[in-house]
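Reproduced below: entry.cif, with mmCIF, C-alpha atoms.
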```
data_protein
#
loop_
_atom_site.group_PDB
_atom_site.id
_atom_site.type_symbol
_atom_site.label_atom_id
_atom_site.label_comp_id
_atom_site.auth_asym_id
_atom_site.auth_seq_id
_atom_site.Cartn_x
_atom_site.Cartn_y
_atom_site.Cartn_z
ATOM 1 C CA MET F 620 -101.206 70.279 -48.318
ATOM 2 C CA GLU F 621 -98.995 70.248 -45.249
ATOM 3 C CA PHE F 622 -95.292 69.985 -45.948
ATOM 4 C CA ASN F 623 -94.831 66.706 -44.032
ATOM 5 C CA GLU F 624 -97.792 65.173 -45.829
ATOM 6 C CA LEU F 625 -96.281 66.255 -49.148
ATOM 7 C CA LEU F 626 -92.977 64.631 -48.162
ATOM 8 C CA ASN F 627 -94.703 61.326 -47.416
ATOM 9 C CA HIS F 628 -96.375 61.407 -50.827
ATOM 10 C CA LEU F 629 -93.054 62.183 -52.515
ATOM 11 C CA ILE F 630 -91.463 59.184 -50.810
ATOM 12 C CA LEU F 631 -94.213 56.587 -50.857
ATOM 13 C CA ASP F 632 -96.197 57.244 -54.021
ATOM 14 C CA TYR F 633 -93.394 57.219 -56.578
ATOM 15 C CA GLN F 634 -91.156 54.320 -55.569
ATOM 16 C CA ASP F 635 -92.107 52.277 -58.611
ATOM 17 C CA SER F 636 -93.649 54.932 -60.786
ATOM 18 C CA PHE F 637 -91.442 58.010 -60.705
ATOM 19 C CA PRO F 638 -92.431 59.842 -63.905
ATOM 20 C CA LEU F 639 -89.999 59.194 -66.743
ATOM 21 C CA ASP F 640 -90.973 62.422 -68.402
ATOM 22 C CA SER F 641 -89.270 65.576 -69.562
ATOM 23 C CA ARG F 642 -90.771 67.433 -66.580
ATOM 24 C CA PRO F 643 -91.107 64.740 -63.898
ATOM 25 C CA PHE F 644 -91.658 67.174 -61.028
ATOM 26 C CA LYS F 645 -94.509 68.803 -62.939
ATOM 27 C CA VAL F 646 -96.227 65.433 -63.447
ATOM 28 C CA ILE F 647 -96.022 64.817 -59.700
ATOM 29 C CA ALA F 648 -97.136 68.380 -58.946
ATOM 30 C CA ASP F 649 -100.220 67.944 -61.122
ATOM 31 C CA ASN F 650 -101.045 64.645 -59.391
ATOM 32 C CA LEU F 651 -100.704 66.119 -55.920
ATOM 33 C CA LYS F 652 -102.183 69.529 -56.789
ATOM 34 C CA VAL F 653 -99.148 71.485 -55.668
ATOM 35 C CA SER F 654 -96.625 73.517 -57.634
ATOM 36 C CA GLU F 655 -93.701 72.061 -59.560
ATOM 37 C CA ASN F 656 -91.263 74.016 -57.386
ATOM 38 C CA GLU F 657 -92.830 72.683 -54.192
ATOM 39 C CA VAL F 658 -92.173 69.136 -55.437
ATOM 40 C CA LEU F 659 -88.567 69.904 -56.327
ATOM 41 C CA GLU F 660 -88.043 71.676 -53.006
ATOM 42 C CA GLY F 661 -89.566 68.717 -51.175
ATOM 43 C CA TYR F 662 -87.048 66.317 -52.719
ATOM 44 C CA GLN F 663 -84.219 68.804 -52.070
ATOM 45 C CA TYR F 664 -85.300 68.997 -48.420
ATOM 46 C CA LEU F 665 -85.278 65.186 -48.118
ATOM 47 C CA LYS F 666 -81.824 65.063 -49.705
ATOM 48 C CA ASN F 667 -80.421 67.782 -47.430
ATOM 49 C CA LYS F 668 -81.835 66.005 -44.382
ATOM 50 C CA GLY F 669 -79.969 62.848 -45.366
ATOM 51 C CA ILE F 670 -83.234 60.935 -45.750
ATOM 52 C CA LEU F 671 -83.148 60.668 -49.537
ATOM 53 C CA SER F 672 -80.111 58.863 -50.916
ATOM 54 C CA ARG F 673 -81.059 59.570 -54.527
ATOM 55 C CA LEU F 674 -83.845 59.803 -57.043
ATOM 56 C CA GLY F 675 -82.689 57.056 -59.273
ATOM 57 C CA PRO F 676 -82.371 53.381 -60.000
ATOM 58 C CA ILE F 677 -82.012 50.282 -57.918
ATOM 59 C CA PHE F 678 -80.253 47.881 -60.249
ATOM 60 C CA THR F 679 -80.657 44.143 -60.434
ATOM 61 C CA THR F 680 -76.962 43.693 -59.734
ATOM 62 C CA HIS F 681 -76.489 40.307 -61.386
ATOM 63 C CA LYS F 682 -77.804 41.798 -64.640
ATOM 64 C CA LEU F 683 -75.018 44.355 -64.758
ATOM 65 C CA GLY F 684 -72.101 42.576 -63.267
ATOM 66 C CA PHE F 685 -71.169 40.576 -60.268
ATOM 67 C CA SER F 686 -71.620 41.007 -56.554
ATOM 68 C CA PHE F 687 -71.158 39.043 -53.378
ATOM 69 C CA LEU F 688 -71.525 39.312 -49.631
ATOM 70 C CA ALA F 689 -68.246 38.942 -47.756
ATOM 71 C CA ALA F 690 -67.063 38.836 -44.177
ATOM 72 C CA VAL F 691 -63.869 38.901 -42.105
ATOM 73 C CA LYS F 692 -62.998 37.850 -38.578
ATOM 74 C CA CYS F 693 -61.453 41.027 -37.260
ATOM 75 C CA PRO F 694 -59.759 41.340 -33.852
ATOM 76 C CA TYR F 695 -61.681 43.895 -31.794
ATOM 77 C CA ASP F 696 -58.799 46.311 -31.392
ATOM 78 C CA ARG F 697 -58.481 46.656 -35.188
ATOM 79 C CA ILE F 698 -62.158 47.053 -36.111
ATOM 80 C CA ASP F 699 -62.120 50.738 -36.997
ATOM 81 C CA SER F 700 -58.986 50.658 -39.108
ATOM 82 C CA VAL F 701 -59.959 47.453 -40.944
ATOM 83 C CA ALA F 702 -63.519 48.718 -41.559
ATOM 84 C CA ASN F 703 -62.134 51.985 -42.932
ATOM 85 C CA ILE F 704 -59.825 50.177 -45.329
ATOM 86 C CA ILE F 705 -62.682 47.971 -46.538
ATOM 87 C CA SER F 706 -64.988 50.976 -47.011
ATOM 88 C CA SER F 707 -62.308 52.819 -48.980
ATOM 89 C CA PHE F 708 -62.759 50.464 -51.943
ATOM 90 C CA LYS F 709 -65.303 51.945 -54.339
ATOM 91 C CA GLU F 710 -66.576 48.438 -55.098
ATOM 92 C CA VAL F 711 -67.800 48.131 -51.503
ATOM 93 C CA ASN F 712 -71.283 49.595 -51.229
ATOM 94 C CA HIS F 713 -72.470 48.294 -47.872
ATOM 95 C CA ASN F 714 -70.321 47.639 -44.832
ATOM 96 C CA TYR F 715 -71.597 46.705 -41.360
ATOM 97 C CA LEU F 716 -70.296 45.598 -38.002
ATOM 98 C CA ARG F 717 -72.280 42.558 -36.832
ATOM 99 C CA GLU F 718 -72.461 40.597 -33.605
ATOM 100 C CA ASN F 719 -70.442 37.494 -34.382
ATOM 101 C CA GLU F 720 -66.878 36.209 -34.621
ATOM 102 C CA LEU F 721 -67.258 36.959 -38.336
ATOM 103 C CA ASN F 722 -67.884 40.572 -37.491
ATOM 104 C CA ILE F 723 -67.369 42.849 -40.482
ATOM 105 C CA TRP F 724 -69.834 42.083 -43.288
ATOM 106 C CA PHE F 725 -69.833 43.933 -46.578
ATOM 107 C CA VAL F 726 -71.112 43.751 -50.152
ATOM 108 C CA CYS F 727 -68.787 44.043 -53.157
ATOM 109 C CA THR F 728 -70.237 44.959 -56.544
ATOM 110 C CA GLY F 729 -68.405 45.296 -59.842
ATOM 111 C CA GLU F 730 -68.503 44.696 -63.541
ATOM 112 C CA SER F 731 -66.673 41.393 -63.565
ATOM 113 C CA ARG F 732 -65.694 38.463 -61.409
ATOM 114 C CA GLU F 733 -62.035 39.031 -62.335
ATOM 115 C CA GLY F 734 -62.155 42.683 -61.254
ATOM 116 C CA LEU F 735 -63.584 41.744 -57.897
ATOM 117 C CA ASP F 736 -61.022 38.964 -57.409
ATOM 118 C CA LEU F 737 -58.350 41.634 -57.729
ATOM 119 C CA VAL F 738 -60.161 43.860 -55.227
ATOM 120 C CA VAL F 739 -60.338 40.997 -52.737
ATOM 121 C CA SER F 740 -56.662 40.157 -53.028
ATOM 122 C CA GLN F 741 -55.658 43.817 -52.609
ATOM 123 C CA MET F 742 -57.969 44.058 -49.627
ATOM 124 C CA GLU F 743 -56.585 40.915 -47.983
ATOM 125 C CA GLU F 744 -53.069 42.252 -48.363
ATOM 126 C CA LYS F 745 -53.984 45.577 -46.763
ATOM 127 C CA ILE F 746 -55.973 44.211 -43.831
ATOM 128 C CA GLN F 747 -53.956 40.992 -43.359
ATOM 129 C CA LEU F 748 -57.155 39.001 -42.865
ATOM 130 C CA LYS F 749 -58.886 36.333 -44.912
ATOM 131 C CA VAL F 750 -61.956 37.610 -46.809
ATOM 132 C CA TYR F 751 -64.686 34.972 -46.904
ATOM 133 C CA GLN F 752 -67.031 35.281 -49.889
ATOM 134 C CA PHE F 753 -70.682 34.328 -49.986
ATOM 135 C CA PRO F 754 -72.007 34.774 -53.516
ATOM 136 C CA MET F 755 -75.735 34.686 -54.037
ATOM 137 C CA LYS F 756 -77.133 31.558 -55.640
ATOM 138 C CA ARG F 757 -80.778 32.489 -55.735
ATOM 139 C CA ALA F 758 -82.910 35.464 -54.677
ATOM 140 C CA PHE F 759 -86.245 34.623 -53.123
ATOM 141 C CA LYS F 760 -87.146 38.162 -52.138
ATOM 142 C CA ILE F 761 -85.714 41.640 -52.627
ATOM 143 C CA ASP F 762 -88.047 44.292 -51.260
ATOM 144 C CA LEU F 763 -86.341 47.540 -50.439
ATOM 145 C CA LYS F 764 -89.302 49.843 -50.575
ATOM 146 C CA ALA F 765 -90.411 52.107 -47.757
ATOM 147 C CA ARG F 766 -93.795 50.936 -46.511
ATOM 148 C CA GLN F 767 -94.888 53.290 -43.788
ATOM 149 C CA LYS F 768 -95.382 56.978 -43.489
ATOM 150 C CA ILE F 769 -92.442 58.591 -41.765
ATOM 151 C CA GLN F 770 -93.093 59.742 -38.210
ATOM 152 C CA TRP F 771 -91.457 63.116 -38.685
ATOM 153 C CA GLU F 772 -91.726 64.047 -35.018
ATOM 154 C CA ASP F 773 -89.509 61.070 -34.104
ATOM 155 C CA LEU F 774 -86.581 62.124 -36.275
ATOM 156 C CA MET M 740 -70.597 49.238 -69.242
ATOM 157 C CA ASN M 741 -73.436 51.258 -70.628
ATOM 158 C CA SER M 742 -72.731 55.004 -70.262
ATOM 159 C CA LEU M 743 -76.369 55.646 -69.400
ATOM 160 C CA VAL M 744 -76.093 53.270 -66.429
ATOM 161 C CA LYS M 745 -73.065 55.165 -65.170
ATOM 162 C CA ALA M 746 -74.759 58.538 -65.649
ATOM 163 C CA ILE M 747 -77.895 57.642 -63.686
ATOM 164 C CA GLN M 748 -76.478 55.410 -60.966
ATOM 165 C CA ASN M 749 -76.098 58.238 -58.453
ATOM 166 C CA GLY M 750 -79.507 59.644 -59.271
ATOM 167 C CA ILE M 751 -80.910 62.492 -61.307
ATOM 168 C CA SER M 752 -80.238 66.151 -60.568
ATOM 169 C CA LEU M 753 -82.354 67.857 -57.950
ATOM 170 C CA ASN M 754 -81.291 71.266 -59.209
ATOM 171 C CA SER M 755 -83.206 71.215 -62.453
ATOM 172 C CA LEU M 756 -86.826 70.949 -63.519
ATOM 173 C CA GLU M 757 -85.592 68.936 -66.520
ATOM 174 C CA PRO M 758 -83.242 66.417 -64.914
ATOM 175 C CA PHE M 759 -83.207 63.990 -67.831
ATOM 176 C CA GLN M 760 -82.014 66.806 -70.086
ATOM 177 C CA GLU M 761 -78.939 67.119 -67.844
ATOM 178 C CA ILE M 762 -78.229 63.401 -68.172
ATOM 179 C CA ALA M 763 -78.637 63.752 -71.939
ATOM 180 C CA LEU M 764 -76.011 66.484 -72.116
ATOM 181 C CA GLU M 765 -73.645 64.430 -69.966
ATOM 182 C CA VAL M 766 -73.815 61.303 -72.131
ATOM 183 C CA GLY M 767 -74.326 62.929 -75.541
ATOM 184 C CA MET M 768 -77.822 61.621 -76.159
ATOM 185 C CA THR M 769 -81.129 63.384 -76.627
ATOM 186 C CA GLU M 770 -83.481 63.705 -73.685
ATOM 187 C CA SER M 771 -86.012 61.375 -75.286
ATOM 188 C CA GLU M 772 -83.264 58.771 -75.881
ATOM 189 C CA VAL M 773 -82.342 58.959 -72.191
ATOM 190 C CA ILE M 774 -85.946 58.514 -71.095
ATOM 191 C CA ALA M 775 -86.503 55.667 -73.561
ATOM 192 C CA GLY M 776 -83.234 54.072 -72.412
ATOM 193 C CA ILE M 777 -84.276 54.117 -68.757
ATOM 194 C CA LYS M 778 -87.681 52.673 -69.667
ATOM 195 C CA GLU M 779 -85.962 49.886 -71.570
ATOM 196 C CA LEU M 780 -83.668 49.121 -68.601
ATOM 197 C CA LYS M 781 -86.775 48.884 -66.435
ATOM 198 C CA GLU M 782 -88.588 46.659 -68.908
ATOM 199 C CA ASN M 783 -85.733 44.175 -69.172
ATOM 200 C CA ASN M 784 -85.417 44.241 -65.363
ATOM 201 C CA THR M 785 -81.886 45.666 -65.316
ATOM 202 C CA ILE M 786 -83.442 48.421 -63.207
ATOM 203 C CA LYS M 787 -85.595 46.908 -60.494
ATOM 204 C CA ARG M 788 -87.203 50.230 -59.742
ATOM 205 C CA PHE M 789 -86.560 53.909 -60.428
ATOM 206 C CA GLY M 790 -87.595 56.455 -57.832
ATOM 207 C CA PRO M 791 -86.781 57.738 -54.368
ATOM 208 C CA VAL M 792 -84.177 55.593 -52.570
ATOM 209 C CA LEU M 793 -83.927 56.340 -48.855
ATOM 210 C CA HIS M 794 -81.284 56.050 -46.185
ATOM 211 C CA ASN M 795 -83.103 53.604 -43.885
ATOM 212 C CA ARG M 796 -81.155 54.581 -40.809
ATOM 213 C CA GLN M 797 -82.113 58.253 -41.146
ATOM 214 C CA ILE M 798 -85.818 57.419 -40.858
ATOM 215 C CA GLY M 799 -85.479 55.317 -37.744
ATOM 216 C CA TYR M 800 -84.861 51.864 -39.228
ATOM 217 C CA ILE M 801 -81.742 51.382 -37.172
ATOM 218 C CA GLN M 802 -82.197 47.702 -36.387
ATOM 219 C CA ASN M 803 -81.025 45.439 -39.167
ATOM 220 C CA ALA M 804 -80.881 41.747 -38.434
ATOM 221 C CA MET M 805 -79.386 39.181 -40.777
ATOM 222 C CA THR M 806 -80.472 35.657 -39.883
ATOM 223 C CA THR M 807 -78.535 32.830 -41.472
ATOM 224 C CA LEU M 808 -79.924 29.300 -41.615
ATOM 225 C CA LYS M 809 -78.650 25.836 -42.301
ATOM 226 C CA VAL M 810 -81.280 24.161 -44.467
ATOM 227 C CA PRO M 811 -81.085 20.852 -46.364
ATOM 228 C CA VAL M 812 -80.576 21.586 -50.073
ATOM 229 C CA GLU M 813 -83.793 19.850 -51.096
ATOM 230 C CA LYS M 814 -85.773 22.028 -48.686
ATOM 231 C CA ILE M 815 -84.322 25.407 -49.678
ATOM 232 C CA GLU M 816 -86.907 26.304 -52.300
ATOM 233 C CA GLU M 817 -89.838 25.614 -50.012
ATOM 234 C CA VAL M 818 -88.290 27.283 -46.963
ATOM 235 C CA GLY M 819 -87.172 30.320 -48.998
ATOM 236 C CA GLN M 820 -90.701 30.815 -50.314
ATOM 237 C CA ARG M 821 -92.192 30.458 -46.863
ATOM 238 C CA ILE M 822 -89.798 33.041 -45.372
ATOM 239 C CA SER M 823 -90.483 35.448 -48.248
ATOM 240 C CA SER M 824 -94.214 35.328 -47.612
ATOM 241 C CA PHE M 825 -93.779 37.330 -44.394
ATOM 242 C CA ASP M 826 -94.400 40.980 -45.150
ATOM 243 C CA PHE M 827 -91.753 42.217 -42.697
ATOM 244 C CA VAL M 828 -88.957 40.184 -44.328
ATOM 245 C CA THR M 829 -87.124 42.523 -46.713
ATOM 246 C CA LEU M 830 -84.562 40.176 -48.286
ATOM 247 C CA CYS M 831 -84.180 36.431 -48.644
ATOM 248 C CA TYR M 832 -81.272 34.805 -50.476
ATOM 249 C CA GLU M 833 -79.704 31.432 -50.961
ATOM 250 C CA ARG M 834 -75.908 31.722 -50.669
ATOM 251 C CA ASP M 835 -72.965 29.364 -50.816
ATOM 252 C CA ALA M 836 -71.938 28.045 -47.415
ATOM 253 C CA ILE M 837 -68.279 27.667 -46.469
ATOM 254 C CA ARG M 838 -67.973 24.384 -44.658
ATOM 255 C CA GLY M 839 -66.321 24.645 -41.265
ATOM 256 C CA VAL M 840 -66.333 28.449 -41.369
ATOM 257 C CA TRP M 841 -69.919 29.435 -42.056
ATOM 258 C CA ASP M 842 -72.178 26.497 -42.604
ATOM 259 C CA PHE M 843 -75.307 28.469 -43.516
ATOM 260 C CA ASN M 844 -76.967 28.532 -46.903
ATOM 261 C CA LEU M 845 -80.142 30.586 -46.543
ATOM 262 C CA TYR M 846 -80.263 34.210 -45.371
ATOM 263 C CA PHE M 847 -83.062 36.587 -44.539
ATOM 264 C CA MET M 848 -83.048 40.223 -43.414
ATOM 265 C CA ILE M 849 -85.467 42.210 -41.315
ATOM 266 C CA HIS M 850 -85.166 45.988 -40.943
ATOM 267 C CA GLY M 851 -86.974 47.615 -38.031
ATOM 268 C CA LYS M 852 -87.076 50.411 -35.547
ATOM 269 C CA GLU M 853 -86.930 48.430 -32.312
ATOM 270 C CA ARG M 854 -84.752 45.476 -31.528
ATOM 271 C CA THR M 855 -87.331 43.656 -29.413
ATOM 272 C CA LEU M 856 -89.875 43.842 -32.222
ATOM 273 C CA VAL M 857 -87.374 42.561 -34.784
ATOM 274 C CA GLU M 858 -86.483 39.708 -32.413
ATOM 275 C CA GLN M 859 -90.170 38.787 -32.168
ATOM 276 C CA GLN M 860 -90.474 38.811 -35.956
ATOM 277 C CA ILE M 861 -87.432 36.562 -36.323
ATOM 278 C CA ARG M 862 -88.985 34.205 -33.778
ATOM 279 C CA ILE M 863 -92.208 34.071 -35.819
ATOM 280 C CA VAL M 864 -90.242 33.114 -38.940
ATOM 281 C CA LEU M 865 -88.173 30.522 -37.110
ATOM 282 C CA ASP M 866 -91.317 28.988 -35.620
ATOM 283 C CA ALA M 867 -92.782 28.662 -39.109
ATOM 284 C CA ILE M 868 -89.739 26.905 -40.588
ATOM 285 C CA GLY M 869 -88.219 25.365 -37.481
ATOM 286 C CA ASN M 870 -88.460 21.737 -38.517
ATOM 287 C CA ASP M 871 -86.371 22.338 -41.636
ATOM 288 C CA VAL M 872 -83.584 24.311 -39.963
ATOM 289 C CA SER M 873 -80.802 22.440 -38.193
ATOM 290 C CA ASP M 874 -78.841 25.500 -37.072
ATOM 291 C CA PHE M 875 -79.020 29.267 -37.319
ATOM 292 C CA ARG M 876 -77.306 32.521 -36.309
ATOM 293 C CA ILE M 877 -78.888 35.937 -35.780
ATOM 294 C CA LEU M 878 -76.524 38.833 -36.526
ATOM 295 C CA PHE M 879 -77.783 42.283 -35.675
ATOM 296 C CA SER M 880 -75.746 45.109 -37.099
ATOM 297 C CA SER M 881 -74.152 47.199 -34.390
ATOM 298 C CA GLN M 882 -72.628 49.852 -36.640
ATOM 299 C CA CYS M 883 -72.985 50.976 -40.256
ATOM 300 C CA PHE M 884 -69.643 51.913 -41.810
ATOM 301 C CA LYS M 885 -70.899 52.509 -45.341
ATOM 302 C CA GLN M 886 -74.190 52.388 -47.229
ATOM 303 C CA LYS M 887 -74.606 53.579 -50.809
ATOM 304 C CA GLY M 888 -75.829 52.407 -54.192
ATOM 305 C CA ALA M 889 -73.771 50.077 -56.352
ATOM 306 C CA ASN M 890 -70.991 51.791 -58.285
ATOM 307 C CA TYR M 891 -70.319 50.572 -61.832
#
```

Now, as a test, write the supplied structure out as structure tokens.
Amino acid sequence: MEFNELLNHLILDYQDSFPLDSRPFKVIADNLKVSENEVLEGYQYLKNKGILSRLGPIFTTHKLGFSFLAAVKCPYDRIDSVANIISSFKEVNHNYLRENELNIWFVCTGESREGLDLVVSQMEEKIQLKVYQFPMKRAFKIDLKARQKIQWEDL
Amino acid sequence: MNSLVKAIQNGISLNSLEPFQEIALEVGMTESEVIAGIKELKENNTIKRFGPVLHNRQIGYIQNAMTTLKVPVEKIEEVGQRISSFDFVTLCYERDAIRGVWDFNLYFMIHGKERTLVEQQIRIVLDAIGNDVSDFRILFSSQCFKQKGANY
């Protein structure tokens, strides 16, 4: 099997069904008819390339704690410093600049509502801006799976 | 918080052929307890899925558009379901609006490679739900400052 084809299998075939087995890479190797080391090296390659974030869980966040989307209206000359302060909190897992007056949008996740309240008040003090919170009320769809083969030549 | 959750949240080791054994040593459980524990977290839906998680931006999905909609409360269920039925919509949430600041209560996300294509997809969704939406904003991301898994 070509290496790029192997990589696509490693990414696309095991998103829901990564083997929970003592030797997971061997289970995959047997499925794909390659060696166990080739599978491990494939995942290591994806990790080193920055394509693979992790082999691990995506949690249903409301089952484990609390999370909310938040945004600030940041003056343009302070964007970098404010964004860096926001990102420095370990509770912040996503942080984006978006095209709006409310321009820095981020997600806070933690074990408790109280813990995150404290994070928000510390953050507001540091950035001197109001943090608007948009907690989720209902999820209609959460689909964060890769769907297409990667076009390796485009990377 | 469950020590197993903390031990697996950043992923299993890629330097071992027996990665669950490494987790077991870290948390003081047996390997089979770790594997059974992860299966249980999957079964009770605490773990939505367990497997390769990618950095979208590294594989060309650099366009990420968040569209926020103002929808009458009694229409949210129906509109949310209709939006979710589009294959290219990755996320759809109802959220609290903040009156006078951000008067939008339904959000959907589309991730794509090209902005024009994502704009066309948003247009398709808006055409399908247009009568139930009194106002909307489309916010493309212009920079990613941070993207990682949740940290417990």

For this structure, which residues satisfy the selection - the PyMOL selection byres ((chain M and resi 887) around 10) - when it is evaluated on the file as given? I want them as a list in words.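 In the shown coordinates, the PyMOL selection byres ((chain M and resi 887) around 10) covers Ser672, Arg673, Val711, Asn712, His713 and Asn714 of chain F; Asn749, Val792, Leu793, His794, Lys885, Gln886, Gly888, Ala889 and Asn890 of chain M.
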
Go ahead and write the residues just picked, C-alpha atoms, as a tab-separated table (two decimals), keeping the file's coordinate frame.
```tsv
chain	number	residue	atom	x	y	z
F	672	SER	CA	-80.11	58.86	-50.92
F	673	ARG	CA	-81.06	59.57	-54.53
F	711	VAL	CA	-67.80	48.13	-51.50
F	712	ASN	CA	-71.28	49.60	-51.23
F	713	HIS	CA	-72.47	48.29	-47.87
F	714	ASN	CA	-70.32	47.64	-44.83
M	749	ASN	CA	-76.10	58.24	-58.45
M	792	VAL	CA	-84.18	55.59	-52.57
M	793	LEU	CA	-83.93	56.34	-48.86
M	794	HIS	CA	-81.28	56.05	-46.18
M	885	LYS	CA	-70.90	52.51	-45.34
M	886	GLN	CA	-74.19	52.39	-47.23
M	888	GLY	CA	-75.83	52.41	-54.19
M	889	ALA	CA	-73.77	50.08	-56.35
M	890	ASN	CA	-70.99	51.79	-58.28
```

Contact set, chain M to chain F: 8 Å, only C-alpha atoms, as number ranges by chain: M: 740, 747-751, 753-754, 756-760, 770-771, 774, 777-778, 784-795, 797-799, 819-820, 823, 829-837, 878-891

Quick one: pull the distance between CA of Ala775 in chain M and CA of Val653 in chain F, Å, one decimal.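 That distance, rounded to one decimal, is 27.0 Å.
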
Rounded to one decimal in Å, what is the spacing between CA of Ala689 in chain F and CA of Pro811 in chain M?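 About the pair CA of Ala689 in chain F and CA of Pro811 in chain M: they are 22.2 Å apart.
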
Excluding Ala867 in chain M and residues on its chain fewer than 4 positions from it, collect all residues at most 12 Å away from it, counting all atoms listed in the file, and give them as a short mmCIF file (atom, residue, chain, number, x, y, z; two decimals) with C-alpha atoms, in the frame of the given file.
```cif
data_model
loop_
_atom_site.label_atom_id
_atom_site.label_comp_id
_atom_site.auth_asym_id
_atom_site.auth_seq_id
_atom_site.Cartn_x
_atom_site.Cartn_y
_atom_site.Cartn_z
CA GLU M 817 -89.84 25.61 -50.01
CA VAL M 818 -88.29 27.28 -46.96
CA GLY M 819 -87.17 30.32 -49.00
CA GLN M 820 -90.70 30.82 -50.31
CA ARG M 821 -92.19 30.46 -46.86
CA ILE M 822 -89.80 33.04 -45.37
CA SER M 823 -90.48 35.45 -48.25
CA SER M 824 -94.21 35.33 -47.61
CA PHE M 825 -93.78 37.33 -44.39
CA GLN M 860 -90.47 38.81 -35.96
CA ILE M 861 -87.43 36.56 -36.32
CA ARG M 862 -88.98 34.20 -33.78
CA ILE M 863 -92.21 34.07 -35.82
CA ASP M 871 -86.37 22.34 -41.64
CA VAL M 872 -83.58 24.31 -39.96
#
```

Evaluate the PyMOL selection byres ((chain M and resi 873) around 12) against this structure - the residues, as an MDAnalysis selection string, please. chainID M and resid 807:812 814 842:845 865 868:872 874:876

Using Å and a single decimal, report how far CA of Gly839 in chain M sits from CA of Leu735 in chain F.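 Interatomic distance here is 24.0 Å.
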
Take the PyMOL selection byres ((chain F and resi 737-750) around 6), apply it to the structure above, and return the hits as a ChimeraX atom specification. /F:690-691,701,734-736,751

Return the single residue from M:Met805, M:Leu743, M:Val864, M:Ile849 that is closest to Glu779 in chain M, with distances computed using all atoms listed in the file. M:Leu743
